[in-house]
>>> print(open('structure33.pdb').read())   # PDB, C-alpha atoms
ATOM      1  CA  MET A1007    -215.895 124.699  71.456
ATOM      2  CA  SER A1008    -212.743 123.230  73.006
ATOM      3  CA  THR A1009    -211.280 124.621  76.228
ATOM      4  CA  THR A1010    -207.982 125.356  74.462
ATOM      5  CA  LEU A1011    -209.680 127.366  71.707
ATOM      6  CA  SER A1012    -211.715 129.298  74.278
ATOM      7  CA  ILE A1013    -208.563 130.283  76.158
ATOM      8  CA  ILE A1014    -206.832 131.406  72.966
ATOM      9  CA  LEU A1015    -209.794 133.543  71.950
ATOM     10  CA  PHE A1016    -210.105 135.045  75.419
ATOM     11  CA  PHE A1017    -206.501 136.231  75.509
ATOM     12  CA  ALA A1018    -206.667 137.428  71.902
ATOM     13  CA  CYS A1019    -209.243 140.002  72.970
ATOM     14  CA  PHE A1020    -206.756 141.495  75.410
ATOM     15  CA  ILE A1021    -203.566 141.497  73.363
ATOM     16  CA  LEU A1022    -204.836 143.004  70.134
ATOM     17  CA  PRO A1023    -203.899 146.676  69.736
ATOM     18  CA  PHE A1024    -206.707 149.186  69.800
ATOM     19  CA  SER A1025    -207.525 150.065  66.203
ATOM     20  CA  ALA A1026    -210.431 150.399  63.841
ATOM     21  CA  GLN A1027    -210.490 149.214  60.267
ATOM     22  CA  ALA A1028    -212.620 150.340  57.364
ATOM     23  CA  VAL A1029    -215.683 148.154  57.038
ATOM     24  CA  GLU A1030    -216.194 146.747  53.573
ATOM     25  CA  ASN A1031    -219.403 145.709  51.846
ATOM     26  CA  LEU A1032    -221.845 147.565  54.038
ATOM     27  CA  GLU A1033    -225.211 146.907  52.498
ATOM     28  CA  LEU A1034    -228.413 148.906  52.750
ATOM     29  CA  CYS A1035    -231.378 146.785  51.660
ATOM     30  CA  SER A1036    -234.577 148.406  50.391
ATOM     31  CA  ALA A1037    -238.065 147.153  51.283
ATOM     32  CA  GLU A1038    -238.570 146.189  47.642
ATOM     33  CA  GLU A1039    -235.359 144.164  47.549
ATOM     34  CA  LEU A1040    -236.290 142.327  50.739
ATOM     35  CA  GLN A1041    -239.765 141.496  49.453
ATOM     36  CA  SER A1042    -238.190 139.832  46.422
ATOM     37  CA  LYS A1043    -236.119 137.569  48.711
ATOM     38  CA  LEU A1044    -238.751 136.426  51.211
ATOM     39  CA  ALA A1045    -239.042 132.945  49.681
ATOM     40  CA  ASP A1046    -235.304 132.315  49.980
ATOM     41  CA  HIS A1047    -234.746 129.635  52.631
ATOM     42  CA  ASN A1048    -231.196 130.887  53.165
ATOM     43  CA  LEU A1049    -232.500 134.286  54.272
ATOM     44  CA  VAL A1050    -232.588 135.257  57.966
ATOM     45  CA  ILE A1051    -234.484 138.432  58.886
ATOM     46  CA  ILE A1052    -233.784 139.729  62.396
ATOM     47  CA  ASP A1053    -236.086 142.091  64.266
ATOM     48  CA  ALA A1054    -233.840 143.998  66.707
ATOM     49  CA  ARG A1055    -236.675 145.828  68.497
ATOM     50  CA  SER A1056    -238.206 145.097  71.894
ATOM     51  CA  ALA A1057    -240.253 141.972  72.526
ATOM     52  CA  LEU A1058    -243.412 144.063  72.871
ATOM     53  CA  SER A1059    -242.895 145.728  69.489
ATOM     54  CA  TYR A1060    -242.202 142.356  67.897
ATOM     55  CA  ARG A1061    -245.378 140.827  69.344
ATOM     56  CA  LYS A1062    -247.488 143.687  68.039
ATOM     57  CA  GLY A1063    -246.314 142.948  64.525
ATOM     58  CA  HIS A1064    -243.173 142.176  62.583
ATOM     59  CA  ILE A1065    -241.981 141.317  59.103
ATOM     60  CA  LYS A1066    -243.291 137.912  58.142
ATOM     61  CA  GLY A1067    -240.753 135.229  59.017
ATOM     62  CA  ALA A1068    -238.500 137.522  61.061
ATOM     63  CA  LEU A1069    -236.672 136.195  64.109
ATOM     64  CA  HIS A1070    -236.607 138.291  67.240
ATOM     65  CA  LEU A1071    -233.339 139.377  68.825
ATOM     66  CA  ASP A1072    -233.638 142.485  70.988
ATOM     67  CA  ALA A1073    -230.371 144.370  70.545
ATOM     68  CA  GLY A1074    -231.246 146.980  73.156
ATOM     69  CA  CYS A1075    -230.707 147.200  76.895
ATOM     70  CA  SER A1076    -233.529 144.784  77.737
ATOM     71  CA  GLY A1077    -232.392 142.053  75.377
ATOM     72  CA  PRO A1078    -230.428 138.808  75.848
ATOM     73  CA  LEU A1079    -227.150 140.193  74.478
ATOM     74  CA  VAL A1080    -226.385 142.362  77.506
ATOM     75  CA  GLU A1081    -225.947 142.303  81.260
ATOM     76  CA  LYS A1082    -225.328 144.870  83.985
ATOM     77  CA  VAL A1083    -221.651 145.319  84.825
ATOM     78  CA  GLY A1084    -220.800 147.993  87.378
ATOM     79  CA  GLU A1085    -222.418 151.245  86.325
ATOM     80  CA  VAL A1086    -223.067 150.009  82.776
ATOM     81  CA  PRO A1087    -226.535 148.397  82.575
ATOM     82  CA  CYS A1088    -226.178 147.603  78.884
ATOM     83  CA  TYR A1089    -222.791 145.838  78.823
ATOM     84  CA  LEU A1090    -222.392 143.262  76.057
ATOM     85  CA  LYS A1091    -221.974 139.686  77.244
ATOM     86  CA  ASN A1092    -218.796 137.869  76.293
ATOM     87  CA  SER A1093    -218.456 136.869  72.665
ATOM     88  CA  GLU A1094    -218.750 133.152  73.333
ATOM     89  CA  GLU A1095    -222.167 133.524  74.995
ATOM     90  CA  ILE A1096    -223.389 135.703  72.149
ATOM     91  CA  VAL A1097    -222.278 133.211  69.507
ATOM     92  CA  VAL A1098    -224.047 130.353  71.335
ATOM     93  CA  LEU A1099    -227.240 132.433  71.309
ATOM     94  CA  LEU A1100    -226.861 133.188  67.605
ATOM     95  CA  GLU A1101    -226.261 129.496  66.913
ATOM     96  CA  LYS A1102    -229.516 128.521  68.658
ATOM     97  CA  LYS A1103    -231.428 131.247  66.834
ATOM     98  CA  GLY A1104    -230.192 130.071  63.453
ATOM     99  CA  VAL A1105    -228.147 133.193  62.761
ATOM    100  CA  CYS A1106    -225.290 131.569  60.879
ATOM    101  CA  PRO A1107    -222.582 133.393  58.908
ATOM    102  CA  GLN A1108    -223.340 131.195  55.882
ATOM    103  CA  ARG A1109    -226.880 132.585  55.630
ATOM    104  CA  GLU A1110    -227.968 135.909  54.187
ATOM    105  CA  ILE A1111    -228.951 138.216  57.052
ATOM    106  CA  VAL A1112    -231.092 141.353  57.062
ATOM    107  CA  VAL A1113    -231.569 143.292  60.311
ATOM    108  CA  TYR A1114    -234.168 145.960  61.015
ATOM    109  CA  GLY A1115    -235.619 148.180  63.728
ATOM    110  CA  ASP A1116    -237.878 151.218  63.765
ATOM    111  CA  ARG A1117    -237.776 154.859  64.850
ATOM    112  CA  HIS A1118    -238.615 153.875  68.431
ATOM    113  CA  ALA A1119    -235.842 151.252  68.815
ATOM    114  CA  TRP A1120    -233.043 153.794  69.325
ATOM    115  CA  GLY A1121    -231.080 152.413  66.368
ATOM    116  CA  ALA A1122    -230.855 148.883  67.788
ATOM    117  CA  GLU A1123    -230.499 147.402  64.304
ATOM    118  CA  GLY A1124    -227.320 149.441  63.812
ATOM    119  CA  ARG A1125    -225.862 148.123  67.031
ATOM    120  CA  LEU A1126    -226.696 144.547  66.018
ATOM    121  CA  PHE A1127    -225.184 145.106  62.577
ATOM    122  CA  TRP A1128    -222.014 146.453  64.226
ATOM    123  CA  LEU A1129    -221.845 143.467  66.575
ATOM    124  CA  LEU A1130    -222.288 140.880  63.817
ATOM    125  CA  LYS A1131    -219.685 142.592  61.643
ATOM    126  CA  LYS A1132    -217.228 142.607  64.525
ATOM    127  CA  LEU A1133    -217.798 138.896  65.050
ATOM    128  CA  GLY A1134    -216.982 138.225  61.393
ATOM    129  CA  PHE A1135    -220.349 138.057  59.625
ATOM    130  CA  SER A1136    -220.075 139.335  56.068
ATOM    131  CA  ASN A1137    -223.336 138.519  54.260
ATOM    132  CA  ILE A1138    -225.457 141.027  56.136
ATOM    133  CA  ALA A1139    -227.600 144.055  55.273
ATOM    134  CA  LEU A1140    -229.567 146.704  57.143
ATOM    135  CA  LEU A1141    -233.160 147.305  56.036
ATOM    136  CA  ASP A1142    -233.537 150.925  54.966
ATOM    137  CA  GLY A1143    -236.511 152.446  56.750
ATOM    138  CA  GLY A1144    -236.986 149.434  59.006
ATOM    139  CA  TYR A1145    -240.470 148.370  60.041
ATOM    140  CA  ASP A1146    -241.857 151.916  59.516
ATOM    141  CA  HIS A1147    -241.099 151.923  55.803
ATOM    142  CA  TRP A1148    -241.970 148.235  55.418
ATOM    143  CA  GLN A1149    -245.502 148.821  56.690
ATOM    144  CA  SER A1150    -246.007 151.916  54.560
ATOM    145  CA  ASN A1151    -245.054 149.837  51.497
ATOM    146  CA  SER A1152    -247.545 147.078  52.430
ATOM    147  CA  GLY A1153    -244.888 144.472  53.064
ATOM    148  CA  PRO A1154    -246.242 141.223  54.569
ATOM    149  CA  THR A1155    -246.358 141.230  58.363
ATOM    150  CA  SER A1156    -247.142 138.732  61.106
ATOM    151  CA  ALA A1157    -248.037 138.684  64.792
ATOM    152  CA  ILE A1158    -246.839 135.109  65.351
ATOM    153  CA  PHE A1159    -244.236 135.102  68.110
ATOM    154  CA  ALA A1160    -242.647 131.747  67.305
ATOM    155  CA  ASP A1161    -241.018 132.543  63.963
ATOM    156  CA  HIS A1162    -237.704 130.687  63.939
ATOM    157  CA  LYS A1163    -234.961 129.168  61.810
ATOM    158  CA  THR A1164    -233.213 125.823  62.044
ATOM    159  CA  PRO A1165    -230.331 126.217  64.519
ATOM    160  CA  CYS A1166    -226.834 126.481  63.094
ATOM    161  CA  LYS A1167    -224.318 123.688  63.434
ATOM    162  CA  ALA A1168    -221.442 124.316  65.807
ATOM    163  CA  SER A1169    -219.105 123.887  62.835
ATOM    164  CA  ASP A1170    -220.839 126.842  61.132
ATOM    165  CA  MET A1171    -219.608 129.187  63.846
ATOM    166  CA  VAL A1172    -215.962 128.181  64.312
ATOM    167  CA  ASN A1173    -214.552 130.696  61.826
ATOM    168  CA  LEU A1174    -216.025 133.691  63.585
ATOM    169  CA  SER A1175    -213.250 135.977  64.799
ATOM    170  CA  PHE A1176    -214.241 136.721  68.372
ATOM    171  CA  ALA A1177    -211.207 138.911  68.934
ATOM    172  CA  LYS A1178    -212.492 141.450  66.390
ATOM    173  CA  LEU A1179    -215.045 142.632  68.900
ATOM    174  CA  GLN A1180    -212.142 144.093  70.957
ATOM    175  CA  ARG A1181    -214.535 144.750  73.769
ATOM    176  CA  SER A1182    -211.831 144.818  76.417
ATOM    177  CA  ASN A1183    -209.827 147.481  74.592
ATOM    178  CA  LEU A1184    -212.578 149.988  73.874
ATOM    179  CA  ASN A1185    -212.928 151.383  77.374
ATOM    180  CA  GLY A1186    -212.703 154.855  78.858
ATOM    181  CA  ALA A1187    -209.036 154.681  79.831
ATOM    182  CA  THR A1188    -207.912 153.538  76.383
ATOM    183  CA  LEU A1189    -210.044 156.132  74.641
ATOM    184  CA  GLN A1190    -208.692 158.899  76.873
ATOM    185  CA  SER A1191    -205.133 157.844  76.046
ATOM    186  CA  ARG A1192    -205.880 157.760  72.314
ATOM    187  CA  TYR A1193    -207.603 161.150  72.522
ATOM    188  CA  GLN A1194    -204.538 162.675  74.205
ATOM    189  CA  GLU A1195    -202.430 161.500  71.260
ATOM    190  CA  GLY A1196    -204.483 163.865  69.118
ATOM    191  CA  ASN A1197    -205.769 161.506  66.430
ATOM    192  CA  LEU A1198    -209.259 160.761  67.731
ATOM    193  CA  ILE A1199    -212.563 162.576  67.274
ATOM    194  CA  PHE A1200    -215.490 161.929  69.600
ATOM    195  CA  LEU A1201    -218.943 162.246  68.041
ATOM    196  CA  ASP A1202    -221.820 162.543  70.521
ATOM    197  CA  VAL A1203    -225.101 161.426  68.913
ATOM    198  CA  ARG A1204    -227.424 161.964  71.877
ATOM    199  CA  ASN A1205    -229.906 164.822  71.878
ATOM    200  CA  ARG A1206    -228.715 168.359  72.501
ATOM    201  CA  ASN A1207    -229.933 168.459  76.112
ATOM    202  CA  GLU A1208    -227.909 165.350  76.973
ATOM    203  CA  TYR A1209    -224.855 166.773  75.246
ATOM    204  CA  GLU A1210    -225.116 169.962  77.275
ATOM    205  CA  GLY A1211    -225.428 168.184  80.604
ATOM    206  CA  ALA A1212    -228.955 166.851  81.173
ATOM    207  CA  ILE A1213    -228.996 163.558  83.092
ATOM    208  CA  LEU A1214    -231.830 161.475  81.663
ATOM    209  CA  TYR A1215    -230.775 157.839  82.145
ATOM    210  CA  HIS A1216    -229.154 157.657  85.595
ATOM    211  CA  GLU A1217    -225.706 158.700  84.393
ATOM    212  CA  LYS A1218    -223.330 159.565  87.234
ATOM    213  CA  ARG A1219    -222.483 162.928  85.672
ATOM    214  CA  GLY A1220    -223.814 165.124  82.895
ATOM    215  CA  GLY A1221    -222.021 166.631  79.926
ATOM    216  CA  HIS A1222    -219.994 165.230  77.037
ATOM    217  CA  LEU A1223    -216.567 163.753  76.288
ATOM    218  CA  PRO A1224    -213.626 166.120  75.681
ATOM    219  CA  GLU A1225    -214.055 168.275  72.566
ATOM    220  CA  ALA A1226    -216.826 165.979  71.364
ATOM    221  CA  LEU A1227    -218.684 167.104  68.270
ATOM    222  CA  HIS A1228    -222.453 166.787  68.310
ATOM    223  CA  LEU A1229    -224.835 165.361  65.722
ATOM    224  CA  HIS A1230    -228.173 163.910  66.830
ATOM    225  CA  TRP A1231    -228.708 160.426  65.406
ATOM    226  CA  GLU A1232    -232.271 161.315  64.358
ATOM    227  CA  ASP A1233    -230.841 163.816  61.872
ATOM    228  CA  PHE A1234    -229.716 160.919  59.696
ATOM    229  CA  TRP A1235    -233.167 159.765  58.620
ATOM    230  CA  ASN A1236    -236.257 160.985  56.803
ATOM    231  CA  ASP A1237    -239.820 161.037  58.134
ATOM    232  CA  ASP A1238    -240.351 157.440  56.945
ATOM    233  CA  TYR A1239    -237.149 156.331  58.742
ATOM    234  CA  THR A1240    -235.216 155.780  55.508
ATOM    235  CA  LEU A1241    -231.707 157.202  55.463
ATOM    236  CA  LYS A1242    -231.239 160.559  53.835
ATOM    237  CA  ALA A1243    -229.305 160.745  50.585
ATOM    238  CA  LYS A1244    -225.543 160.418  50.907
ATOM    239  CA  ALA A1245    -224.936 163.976  49.707
ATOM    240  CA  GLU A1246    -227.266 165.348  52.395
ATOM    241  CA  LEU A1247    -225.683 163.176  55.075
ATOM    242  CA  LEU A1248    -222.187 164.304  54.116
ATOM    243  CA  LYS A1249    -223.352 167.896  54.335
ATOM    244  CA  LYS A1250    -224.685 167.284  57.852
ATOM    245  CA  VAL A1251    -221.538 165.610  59.147
ATOM    246  CA  LYS A1252    -219.407 168.387  57.661
ATOM    247  CA  GLU A1253    -221.595 171.014  59.354
ATOM    248  CA  ALA A1254    -221.118 169.128  62.635
ATOM    249  CA  GLY A1255    -217.350 169.554  62.256
ATOM    250  CA  LEU A1256    -216.284 166.142  60.977
ATOM    251  CA  PRO A1257    -213.800 165.989  58.126
ATOM    252  CA  LEU A1258    -215.176 164.393  54.976
ATOM    253  CA  PRO A1259    -214.232 160.711  54.450
ATOM    254  CA  GLU A1260    -211.384 161.497  52.032
ATOM    255  CA  GLN A1261    -209.925 163.943  54.559
ATOM    256  CA  ALA A1262    -210.177 161.643  57.577
ATOM    257  CA  GLN A1263    -207.433 159.150  56.775
ATOM    258  CA  LYS A1264    -205.467 159.702  59.987
ATOM    259  CA  LYS A1265    -208.404 160.278  62.325
ATOM    260  CA  LEU A1266    -210.312 157.656  64.270
ATOM    261  CA  ILE A1267    -213.925 158.734  64.725
ATOM    262  CA  VAL A1268    -215.538 157.283  67.849
ATOM    263  CA  THR A1269    -219.313 157.508  68.043
ATOM    264  CA  TYR A1270    -220.969 157.359  71.435
ATOM    265  CA  CYS A1271    -224.335 157.784  73.128
ATOM    266  CA  THR A1272    -225.494 156.556  76.531
ATOM    267  CA  GLY A1273    -225.041 152.837  75.970
ATOM    268  CA  GLY A1274    -223.933 151.989  72.438
ATOM    269  CA  ILE A1275    -227.287 151.760  70.636
ATOM    270  CA  ARG A1276    -227.772 155.124  68.946
ATOM    271  CA  SER A1277    -224.023 155.238  68.389
ATOM    272  CA  GLY A1278    -224.129 151.773  66.800
ATOM    273  CA  PHE A1279    -226.596 153.101  64.240
ATOM    274  CA  THR A1280    -224.322 156.103  63.645
ATOM    275  CA  TRP A1281    -221.340 153.760  63.223
ATOM    276  CA  PHE A1282    -223.257 152.108  60.379
ATOM    277  CA  VAL A1283    -224.111 155.437  58.743
ATOM    278  CA  LEU A1284    -220.553 156.790  58.874
ATOM    279  CA  SER A1285    -219.088 153.499  57.654
ATOM    280  CA  TRP A1286    -221.665 153.414  54.848
ATOM    281  CA  LEU A1287    -220.622 156.948  53.883
ATOM    282  CA  GLY A1288    -217.059 155.709  53.453
ATOM    283  CA  TYR A1289    -215.226 156.861  56.580
ATOM    284  CA  PRO A1290    -212.070 154.732  56.796
ATOM    285  CA  GLU A1291    -211.813 154.489  60.594
ATOM    286  CA  VAL A1292    -214.944 154.493  62.733
ATOM    287  CA  GLU A1293    -215.578 152.766  66.037
ATOM    288  CA  ASN A1294    -218.557 152.491  68.351
ATOM    289  CA  TYR A1295    -217.920 153.168  72.055
ATOM    290  CA  ASP A1296    -220.443 150.568  73.118
ATOM    291  CA  ASN A1297    -220.215 151.169  76.877
ATOM    292  CA  GLY A1298    -220.826 154.818  76.134
ATOM    293  CA  PHE A1299    -221.451 157.684  78.491
ATOM    294  CA  TRP A1300    -222.647 155.334  81.248
ATOM    295  CA  GLU A1301    -219.121 154.022  81.658
ATOM    296  CA  TRP A1302    -217.295 157.315  81.051
ATOM    297  CA  ALA A1303    -219.404 159.306  83.522
ATOM    298  CA  SER A1304    -218.987 156.639  86.203
ATOM    299  CA  ARG A1305    -215.209 157.086  86.233
ATOM    300  CA  PRO A1306    -214.372 160.359  88.050
ATOM    301  CA  GLU A1307    -210.814 160.424  86.695
ATOM    302  CA  LEU A1308    -212.129 160.848  83.139
ATOM    303  CA  PRO A1309    -212.822 164.468  82.115
ATOM    304  CA  ILE A1310    -216.251 165.740  81.117
ATOM    305  CA  GLU A1311    -217.118 169.031  79.432
ATOM    306  CA  HIS A1312    -220.344 171.038  79.443
TER     307      HIS A1312
END
>>> encode(input="structure33.pdb", output="structure tokens")
Amino acid sequence: MSTTLSIILFFACFILPFSAQAVENLELCSAEELQSKLADHNLVIIDARSALSYRKGHIKGALHLDAGCSGPLVEKVGEVPCYLKNSEEIVVLLEKKGVCPQREIVVYGDRHAWGAEGRLFWLLKKLGFSNIALLDGGYDHWQSNSGPTSAIFADHKTPCKASDMVNLSFAKLQRSNLNGATLQSRYQEGNLIFLDVRNRNEYEGAILYHEKRGGHLPEALHLHWEDFWNDDYTLKAKAELLKKVKEAGLPLPEQAQKKLIVTYCTGGIRSGFTWFVLSWLGYPEVENYDNGFWEWASRPELPIEH
């Protein structure tokens, strides 16, 4: 990538206004659908779990890309141990892995990965990937349906060409804009809803992951991310999910036209999964506060409720 293009993309991240747009073509792929595509050479399956989980067993042919706090996509910045690296570094990593926007991509996790596949889906969508799906039920459901698995660690794809990646819109990630100060300002305008998807103890003030303070963001609604899925880790039916979000206090999608819903957890992983669910349900404006409660609690000027 040229120096001039890099500079343009860097400044674009800072000058874009803070906004969220409805995400189109969110796809939920079933285990049966994925099995029918395994022979497709254009298919890239990404395992977003930890390296240990991947080594123990993964979907045959799947690449490994840990989308959690121990993976290669993040670094520690200040009080945020799970801060996403800059977009350019991430795209170089994707290029080497063979994760190209021209290929068909399916991402998956499991019930123990904190929703890492949702965070990876969110990240790829923000970078401009369009041909991407999330595997319903992840590795849990895949195993229960006798899908082919492997314990080979070196599964890989041919790296992408640099020319494959040039149309990715790095500025869409808007990482620099989605910080505590901007969110507080938007909240004070009255058109933002915070949705806390941590467990109830965290919401009420328990400090479990070295947060600087306990509690939740101002007037945040609460809905635990585990309430979205069934025992086999497949998503619940849309009607049941809509009932749950309504009970949590969220307006239904058709009533939320002027509200930005911001999902958050501790560090953007569980909330990334929730971003996928709400977008899949049809909410027009949803964003993932990827720095999450780690960043918010570390800034004493930002209010916290109990």
>>> resolve_selection(input="structure33.pdb", expression="the PyMOL selection byres ((chain A and resi 1102-1106) around 8)", output="PyMOL selection string")
chain A and resi 1050+1069+1098-1101+1107-1109+1111+1162-1166+1170-1171
>>> closest_residue(input="structure33.pdb", among="A:Asp1161, A:Thr1240, A:Asp1146, A:Pro1224", to="Cys1035 in chain A", atoms="all atoms listed in the file")
A:Thr1240
>>> resolve_selection(input="structure33.pdb", expression="the PyMOL selection byres ((chain A and resi 1303) around 9)", output="PyMOL selection string")
chain A and resi 1217-1223+1298-1302+1304-1306+1308-1310
>>> closest_residue(input="structure33.pdb", among="A:Ser1285, A:Gln1263, A:Asn1048, A:Ser1056", to="Leu1198 in chain A", atoms="only C-alpha atoms")
A:Gln1263
>>> atom_distance(input="structure33.pdb", atom1="CA of His1070 in chain A", atom2="CA of Leu1241 in chain A")
22.8 Å
>>> closest_residue(input="structure33.pdb", among="A:Ser1150, A:Ser1059, A:Ser1093, A:Asn1236", to="Leu1071 in chain A", atoms="all atoms listed in the file")
A:Ser1059
>>> atom_distance(input="structure33.pdb", atom1="CA of Trp1128 in chain A", atom2="CA of Asp1202 in chain A")
17.3 Å
>>> residues_around(input="structure33.pdb", residues="Pro1087 in chain A", least_positions_apart="2", cutoff="12 Å", atoms="only C-alpha atoms", output="ChimeraX atom specification")
/A:1074-1077,1079-1085,1089-1091,1215-1217,1272-1274,1296-1301,1304
>>> resolve_selection(input="structure33.pdb", expression="the PyMOL selection byres ((chain A and resi 1193-1196) around 12)", output="PyMOL selection string")
chain A and resi 1186-1192+1197-1200+1223-1226+1264-1268+1308-1309
>>> atom_distance(input="structure33.pdb", atom1="CA of Lys1242 in chain A", atom2="CA of Glu1123 in chain A")
16.8 Å
>>> residues_around(input="structure33.pdb", residues="range 1064-1067 of chain A", least_positions_apart="4", cutoff="10 Å", atoms="all atoms listed in the file", output="MDAnalysis selection string")
chainID A and resid 1041 1044:1045 1049:1053 1055 1059:1060 1114:1115 1144:1145 1148:1149 1153:1163
>>> write_last_selection(input="structure33.pdb", atoms="C-alpha atoms", output="tab-separated table (two decimals), in the frame of the given file")
chain	number	residue	atom	x	y	z
A	1041	GLN	CA	-239.76	141.50	49.45
A	1044	LEU	CA	-238.75	136.43	51.21
A	1045	ALA	CA	-239.04	132.94	49.68
A	1049	LEU	CA	-232.50	134.29	54.27
A	1050	VAL	CA	-232.59	135.26	57.97
A	1051	ILE	CA	-234.48	138.43	58.89
A	1052	ILE	CA	-233.78	139.73	62.40
A	1053	ASP	CA	-236.09	142.09	64.27
A	1055	ARG	CA	-236.68	145.83	68.50
A	1059	SER	CA	-242.90	145.73	69.49
A	1060	TYR	CA	-242.20	142.36	67.90
A	1114	TYR	CA	-234.17	145.96	61.02
A	1115	GLY	CA	-235.62	148.18	63.73
A	1144	GLY	CA	-236.99	149.43	59.01
A	1145	TYR	CA	-240.47	148.37	60.04
A	1148	TRP	CA	-241.97	148.24	55.42
A	1149	GLN	CA	-245.50	148.82	56.69
A	1153	GLY	CA	-244.89	144.47	53.06
A	1154	PRO	CA	-246.24	141.22	54.57
A	1155	THR	CA	-246.36	141.23	58.36
A	1156	SER	CA	-247.14	138.73	61.11
A	1157	ALA	CA	-248.04	138.68	64.79
A	1158	ILE	CA	-246.84	135.11	65.35
A	1159	PHE	CA	-244.24	135.10	68.11
A	1160	ALA	CA	-242.65	131.75	67.31
A	1161	ASP	CA	-241.02	132.54	63.96
A	1162	HIS	CA	-237.70	130.69	63.94
A	1163	LYS	CA	-234.96	129.17	61.81
>>> residues_around(input="structure33.pdb", residues="Ser1136 in chain A", least_positions_apart="5", cutoff="12 Å", atoms="all atoms listed in the file", output="list in words")
Val1029, Glu1030, Asn1031, Leu1032, Glu1033, Cys1106, Pro1107, Gln1108, Arg1109, Glu1110, Ile1111, Val1112, Phe1127, Trp1128, Leu1129, Leu1130, Lys1131, Asn1173, Leu1174 and Ser1175 of chain A
>>> write_last_selection(input="structure33.pdb", atoms="C-alpha atoms", output="CSV table (one decimal), keeping the file's coordinate frame")
chain,number,residue,atom,x,y,z
A,1029,VAL,CA,-215.7,148.2,57.0
A,1030,GLU,CA,-216.2,146.7,53.6
A,1031,ASN,CA,-219.4,145.7,51.8
A,1032,LEU,CA,-221.8,147.6,54.0
A,1033,GLU,CA,-225.2,146.9,52.5
A,1106,CYS,CA,-225.3,131.6,60.9
A,1107,PRO,CA,-222.6,133.4,58.9
A,1108,GLN,CA,-223.3,131.2,55.9
A,1109,ARG,CA,-226.9,132.6,55.6
A,1110,GLU,CA,-228.0,135.9,54.2
A,1111,ILE,CA,-229.0,138.2,57.1
A,1112,VAL,CA,-231.1,141.4,57.1
A,1127,PHE,CA,-225.2,145.1,62.6
A,1128,TRP,CA,-222.0,146.5,64.2
A,1129,LEU,CA,-221.8,143.5,66.6
A,1130,LEU,CA,-222.3,140.9,63.8
A,1131,LYS,CA,-219.7,142.6,61.6
A,1173,ASN,CA,-214.6,130.7,61.8
A,1174,LEU,CA,-216.0,133.7,63.6
A,1175,SER,CA,-213.2,136.0,64.8
>>> closest_residue(input="structure33.pdb", among="A:Asn1092, A:Gly1288, A:Val1086, A:Leu1247", to="Phe1234 in chain A", atoms="all atoms listed in the file")
A:Leu1247
>>> closest_residue(input="structure33.pdb", among="A:Leu1140, A:Ser1277, A:Asp1238, A:Lys1252", to="Leu1034 in chain A", atoms="all atoms listed in the file")
A:Leu1140
